[in-house]
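Text of model_36.cif, listed as mmCIF, C-alpha atoms:
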```
data_final
#
loop_
_atom_site.label_atom_id
_atom_site.label_comp_id
_atom_site.auth_asym_id
_atom_site.auth_seq_id
_atom_site.Cartn_x
_atom_site.Cartn_y
_atom_site.Cartn_z
CA MET A 1 0.00 0.00 0.00
CA SER A 2 1.57 3.29 -1.09
CA MET A 3 1.90 6.11 1.40
CA PRO A 4 0.09 9.41 0.71
CA ILE A 5 2.17 12.21 -0.77
CA GLN A 6 1.65 14.28 2.41
CA TYR A 7 3.60 11.65 4.36
CA TYR A 8 6.65 12.02 2.14
CA ILE A 9 6.43 15.82 2.22
CA SER A 10 6.26 15.76 6.02
CA ALA A 11 9.19 13.31 6.24
CA PHE A 12 11.26 15.49 3.90
CA GLN A 13 10.52 18.62 5.92
CA GLN A 14 11.38 16.88 9.20
CA LEU A 15 14.66 15.62 7.75
CA PHE A 16 15.94 18.95 6.49
CA PHE A 17 13.94 21.37 8.69
CA PRO A 18 13.39 19.42 11.93
CA HIS A 19 10.56 20.53 14.19
CA ILE A 20 11.75 19.71 17.70
CA CYS A 21 10.39 20.06 21.22
CA CYS A 22 11.58 23.28 22.85
CA GLY A 23 11.69 21.45 26.17
CA CYS A 24 13.64 18.25 25.53
CA GLY A 25 14.61 18.36 21.86
CA ALA A 26 12.48 15.38 20.81
CA ASP A 27 11.74 15.37 17.06
CA TYR A 28 8.38 13.57 16.99
CA LEU A 29 6.18 16.64 17.32
CA LYS A 30 3.21 17.51 15.19
CA ASP A 31 3.52 20.75 13.23
CA ASN A 32 1.19 22.60 15.62
CA GLN A 33 2.97 21.47 18.81
CA PHE A 34 5.55 23.57 20.64
CA ILE A 35 6.61 21.02 23.25
CA CYS A 36 6.04 17.28 23.32
CA ALA A 37 3.38 15.43 25.31
CA SER A 38 5.97 14.24 27.85
CA CYS A 39 7.08 17.83 28.59
CA MET A 40 3.46 19.00 28.75
CA GLN A 41 2.81 16.43 31.47
CA VAL A 42 5.63 17.70 33.67
CA LEU A 43 4.87 21.41 33.41
CA PRO A 44 4.42 22.37 37.10
CA GLU A 45 1.00 24.03 37.19
CA THR A 46 0.22 26.05 40.33
CA HIS A 47 -3.61 25.87 40.10
CA PHE A 48 -3.59 29.38 41.61
CA LEU A 49 -5.89 31.01 39.07
CA ASP A 50 -9.06 29.38 40.37
CA LYS A 51 -8.23 29.83 44.08
CA SER A 52 -8.66 33.08 46.00
CA GLY A 53 -6.13 33.73 48.75
CA ASN A 54 -3.35 32.04 46.77
CA PRO A 55 0.30 33.13 47.23
CA ILE A 56 0.07 35.72 44.42
CA ASP A 57 -3.02 37.30 45.99
CA LYS A 58 -1.10 37.51 49.26
CA ILE A 59 1.89 39.29 47.68
CA PHE A 60 -0.35 42.32 47.03
CA GLU A 61 -2.57 42.00 50.10
CA GLY A 62 -2.67 45.30 51.98
CA ARG A 63 -0.53 47.01 49.32
CA LEU A 64 -2.62 47.05 46.16
CA PRO A 65 -6.41 46.57 45.76
CA VAL A 66 -6.29 43.64 43.33
CA ILE A 67 -9.53 41.91 42.33
CA ALA A 68 -7.83 38.59 41.53
CA ALA A 69 -4.27 37.40 40.98
CA GLY A 70 -2.44 34.22 40.08
CA ALA A 71 0.39 32.53 38.19
CA GLY A 72 0.25 29.63 35.80
CA PHE A 73 3.38 27.64 36.64
CA TYR A 74 6.06 27.26 39.29
CA PHE A 75 9.48 28.60 38.27
CA TYR A 76 12.18 26.24 39.55
CA LYS A 77 15.90 26.72 39.01
CA SER A 78 17.01 24.62 36.00
CA GLY A 79 13.41 23.52 35.45
CA LEU A 80 11.42 23.40 32.22
CA VAL A 81 9.59 26.68 32.91
CA GLN A 82 12.89 28.48 33.56
CA HIS A 83 14.15 27.10 30.24
CA LEU A 84 11.07 28.37 28.39
CA ILE A 85 11.33 31.82 30.00
CA ALA A 86 15.03 32.00 29.11
CA GLN A 87 14.22 31.05 25.52
CA LEU A 88 11.66 33.86 25.45
CA LYS A 89 13.74 36.60 27.06
CA TYR A 90 17.28 35.88 25.94
CA HIS A 91 17.15 33.69 22.81
CA GLN A 92 14.59 35.46 20.61
CA ASN A 93 12.15 32.53 20.86
CA LYS A 94 8.91 34.49 20.54
CA GLU A 95 6.82 31.35 20.21
CA ALA A 96 7.80 30.41 23.77
CA GLY A 97 5.86 33.49 24.94
CA ARG A 98 2.82 32.68 22.85
CA PHE A 99 2.90 29.08 24.08
CA LEU A 100 2.97 30.18 27.73
CA GLY A 101 0.17 32.62 26.91
CA ARG A 102 -2.00 29.88 25.41
CA CYS A 103 -1.46 27.81 28.56
CA LEU A 104 -2.53 30.79 30.68
CA GLY A 105 -5.49 31.43 28.40
CA ARG A 106 -6.79 27.92 28.97
CA GLN A 107 -6.42 28.34 32.73
CA LEU A 108 -8.17 31.73 32.66
CA LYS A 109 -10.98 30.30 30.54
CA ALA A 110 -11.53 27.49 33.07
CA THR A 111 -12.11 29.80 36.06
CA ASN A 112 -14.72 32.43 36.93
CA ARG A 113 -12.39 34.65 38.98
CA PHE A 114 -11.35 36.77 35.98
CA ASN A 115 -14.70 36.96 34.17
CA GLY A 116 -14.97 40.73 34.63
CA VAL A 117 -11.71 41.54 32.82
CA ASP A 118 -12.09 44.04 29.94
CA LEU A 119 -8.51 44.41 28.70
CA LEU A 120 -5.18 42.57 28.75
CA MET A 121 -2.17 44.79 29.48
CA PRO A 122 1.42 43.53 29.21
CA LEU A 123 3.73 45.02 31.82
CA PRO A 124 5.44 47.83 29.86
CA LEU A 125 9.15 47.70 29.15
CA HIS A 126 11.22 50.86 28.99
CA PRO A 127 11.65 51.79 25.29
CA LYS A 128 15.41 51.25 25.56
CA LYS A 129 14.96 47.72 26.95
CA GLU A 130 12.32 46.89 24.36
CA PHE A 131 14.60 48.15 21.58
CA GLN A 132 17.48 46.03 22.90
CA ARG A 133 15.34 42.88 23.09
CA GLY A 134 13.31 43.61 19.98
CA TYR A 135 9.95 42.97 21.64
CA ASN A 136 8.13 42.95 24.96
CA GLN A 137 7.95 39.36 26.21
CA ALA A 138 4.79 40.13 28.22
CA ALA A 139 3.07 41.33 25.03
CA LEU A 140 3.80 37.97 23.39
CA ILE A 141 2.24 36.20 26.37
CA CYS A 142 -0.83 38.43 25.93
CA GLU A 143 -1.01 37.41 22.27
CA GLY A 144 -1.06 33.76 23.30
CA ILE A 145 -3.77 34.38 25.90
CA LYS A 146 -5.89 36.15 23.32
CA GLU A 147 -5.72 33.14 20.98
CA VAL A 148 -7.55 31.07 23.61
CA TRP A 149 -9.39 33.65 25.74
CA PRO A 150 -10.28 36.53 23.40
CA LYS A 151 -9.79 39.88 25.11
CA PRO A 152 -8.49 43.16 23.64
CA ILE A 153 -4.83 43.95 24.32
CA CYS A 154 -3.92 47.47 25.49
CA THR A 155 -0.29 48.59 25.12
CA LYS A 156 -0.60 52.39 24.84
CA ALA A 157 -2.22 53.58 28.06
CA VAL A 158 0.71 53.20 30.49
CA SER A 159 4.41 53.75 29.81
CA ARG A 160 7.55 52.85 31.68
CA LEU A 161 9.51 56.04 32.28
CA VAL A 162 12.41 54.76 34.38
CA TYR A 163 15.05 52.42 32.95
CA THR A 164 16.13 49.76 35.44
CA GLN A 165 18.57 46.88 35.20
CA THR A 166 17.28 43.31 35.60
CA GLN A 167 16.10 42.95 39.18
CA THR A 168 17.01 39.33 39.84
CA GLN A 169 18.90 40.35 42.96
CA GLY A 170 17.80 42.43 45.94
CA ASN A 171 15.01 42.35 48.46
CA ARG A 172 11.52 43.77 48.11
CA ILE A 173 12.45 47.15 49.63
CA SER A 174 15.36 47.74 47.22
CA ARG A 175 13.26 46.59 44.27
CA TRP A 176 10.42 48.90 45.25
CA LYS A 177 12.82 51.87 45.49
CA ASN A 178 14.09 51.04 42.00
CA MET A 179 10.52 51.03 40.66
CA GLU A 180 9.28 54.18 42.41
CA ASN A 181 7.54 56.44 39.83
CA ALA A 182 8.66 54.09 37.04
CA PHE A 183 5.23 54.00 35.34
CA TRP A 184 2.82 56.69 34.22
CA PRO A 185 -0.65 56.61 32.58
CA VAL A 186 0.22 58.51 29.41
CA ASP A 187 -3.14 57.92 27.71
CA PRO A 188 -5.68 57.17 30.45
CA ALA A 189 -8.71 57.33 28.14
CA PHE A 190 -7.90 53.80 26.94
CA ILE A 191 -8.42 52.30 30.39
CA LYS A 192 -10.86 54.64 32.15
CA ASN A 193 -13.64 52.60 33.84
CA LYS A 194 -12.06 49.33 32.67
CA HIS A 195 -11.03 46.16 34.51
CA ILE A 196 -7.39 45.58 33.50
CA LEU A 197 -5.59 42.24 33.65
CA LEU A 198 -1.90 43.11 34.02
CA ILE A 199 0.37 40.38 32.58
CA ASP A 200 4.06 39.57 33.08
CA ASP A 201 6.35 36.57 32.64
CA VAL A 202 7.61 35.88 36.19
CA ILE A 203 6.73 37.24 39.63
CA THR A 204 9.10 37.26 42.58
CA THR A 205 8.52 40.21 44.93
CA GLY A 206 5.95 41.85 42.63
CA ALA A 207 7.60 45.29 42.85
CA SER A 208 7.29 46.10 39.12
CA LEU A 209 3.70 44.87 38.96
CA GLU A 210 2.83 46.84 42.08
CA ALA A 211 4.30 50.05 40.67
CA CYS A 212 2.50 49.61 37.34
CA GLY A 213 -0.70 48.63 39.14
CA ASN A 214 -0.64 51.90 41.08
CA ALA A 215 -0.30 53.82 37.82
CA ILE A 216 -3.29 51.95 36.38
CA LEU A 217 -5.42 52.51 39.46
CA SER A 218 -4.69 56.25 39.39
CA VAL A 219 -7.05 56.41 36.39
CA ALA A 220 -10.71 56.96 37.29
CA GLY A 221 -12.90 53.88 37.51
CA THR A 222 -10.22 51.29 36.84
CA LYS A 223 -10.08 47.85 38.44
CA LEU A 224 -6.99 45.66 38.49
CA SER A 225 -6.19 41.94 38.33
CA ILE A 226 -2.71 40.43 37.86
CA VAL A 227 -1.52 37.20 36.26
CA THR A 228 1.98 35.98 35.44
CA ALA A 229 3.16 32.95 33.52
CA ALA A 230 5.35 31.79 36.40
CA TYR A 231 5.91 32.16 40.15
CA THR A 232 9.44 31.94 41.52
CA VAL A 233 9.84 29.29 44.22
#
```
Rewrite the coordinates I just gave you, this time as structure tokens.
Amino acid sequence: MSMPIQYYISAFQQLFFPHICCGCGADYLKDNQFICASCMQVLPETHFLDKSGNPIDKIFEGRLPVIAAGAGFYFYKSGLVQHLIAQLKYHQNKEAGRFLGRCLGRQLKATNRFNGVDLLMPLPLHPKKEFQRGYNQAALICEGIKEVWPKPICTKAVSRLVYTQTQTQGNRISRWKNMENAFWPVDPAFIKNKHILLIDDVITTGASLEACGNAILSVAGTKLSIVTAAYTV
């Protein structure tokens, strides 16, 4: 029995242009897969998005009036999620951001805690940082969310005015001082009277998200929720 022509085309493409798993490098993926089934099974989901009072809610408790907050996955050192985030931020792998966004979108779609959200807003990068990287990784995550959980994306209402170095070191107080007055609502009409879901890749102390959240909430009638792809353990 002869094989269909599509089989030979697919085999040829896989031989010369291999489509491999971004997690483990396996080469038996379907064209529409980003990571293999084995890697999907070990992605460490937090299950925070459908639970009030989760650790992300508690980060902002008493500091920022957040309607709901959560993170999709745990971020472990040398783990798969860290690898995907590194691919997104440092290796120009934009599809890693959209993949994480689609995962978040499915989680958001499965819970009622974020039903009132009107707009998705990626945490703004300073123009210099965005120019250096070539894109805002949080915006790519928003694009992935929108594929699964259709919501408008707003990127123009709030800008980052202060350039800061990567804040992987330092405690919450030093990070907050670095972020003081870093964000400003440059075009508040876009978000007036809207419920904003602020999106970022990873949350540790939440200083950047807190600073941006305050800028959002300075606009009349706004409500704020926060979601990140990963939560640092």
Choose the residue, out of A:Ile67, A:Leu140, A:Leu104, A:Gly134, that has the smallest atom-to-atom separation from Leu217 of chain A; count all atoms listed in the file.
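Closest residue, counting all atoms listed in the file: A:Ile67.
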With only C-alpha atoms as the counted atoms, please give the residues lying no more than 9 Å from Ala69 of chain A, apart from itself and same-chain residues fewer than 6 positions off, as a VMD selection string.
chain A and resid 48 to 49 52 to 58 60 113 to 114 197 225 to 228
Residues matched by the PyMOL selection byres ((chain A and resi 155) around 9) as a list of chain:residue names:
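Selection result, ordered by chain and number: A:Leu120, A:Met121, A:Pro122, A:Leu123, A:Pro124, A:Ala139, A:Ile153, A:Cys154, A:Lys156, A:Ala157, A:Val158, A:Ser159.
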Where does the PyMOL selection byres ((chain A and resi 201-212) around 9) land in this file, that is, which residues does it pick, as a PyMOL selection string?
chain A and resi 56+59-60+63-64+71+75+85+97+100+123-124+137-138+141+158-160+168+171-173+175-184+198-200+213-217+226-233
Spatial neighbours of Ala96 of chain A, max dist 12 Å, only C-alpha atoms, sep filter under 4 positions, as an NGL selection string:
:A and (21-23 or 33-35 or 80-92 or 100-103 or 137-144 or 201 or 229)
So, counting only C-alpha atoms, which residue among A:Tyr163, A:Phe73, A:Phe190, A:Phe99 is closest to Lys146 of chain A?
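With only C-alpha atoms as the atom set, the closest residue is A:Phe99.
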For atom CA of Val42 of chain A and atom CA of Leu29 of chain A, the interatomic separation in Å (one decimal)
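About the pair atom CA of Val42 of chain A and atom CA of Leu29 of chain A: they are 16.4 Å apart.
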Point-to-point distance from atom CA of Gly79 of chain A to atom CA of Gln41 of chain A, Å rounded to tenths:
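Here the two named atoms are 13.4 Å from each other.
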Just to confirm, what's the straight-line distance from atom CA of Ile20 of chain A to atom CA of Pro44 of chain A in Å (one decimal)?
20.9 Å
What lies within 12 Å of Gly116 of chain A using all atoms listed in the file, ignoring chain neighbours under 6 positions off, as a PyMOL selection string?
chain A and resi 67-68+108-109+151+193-197+222-225
Kindly provide, as JSON, the centre and edge lengths (Å, one decimal) of an axis-aligned box around all atoms of segment 69-86 of chain A given in the file, with 5 Å on each side.
```
{"center_x": 6.4, "center_y": 30.4, "center_z": 34.7, "size_x": 31.3, "size_y": 24.0, "size_z": 22.6}
```
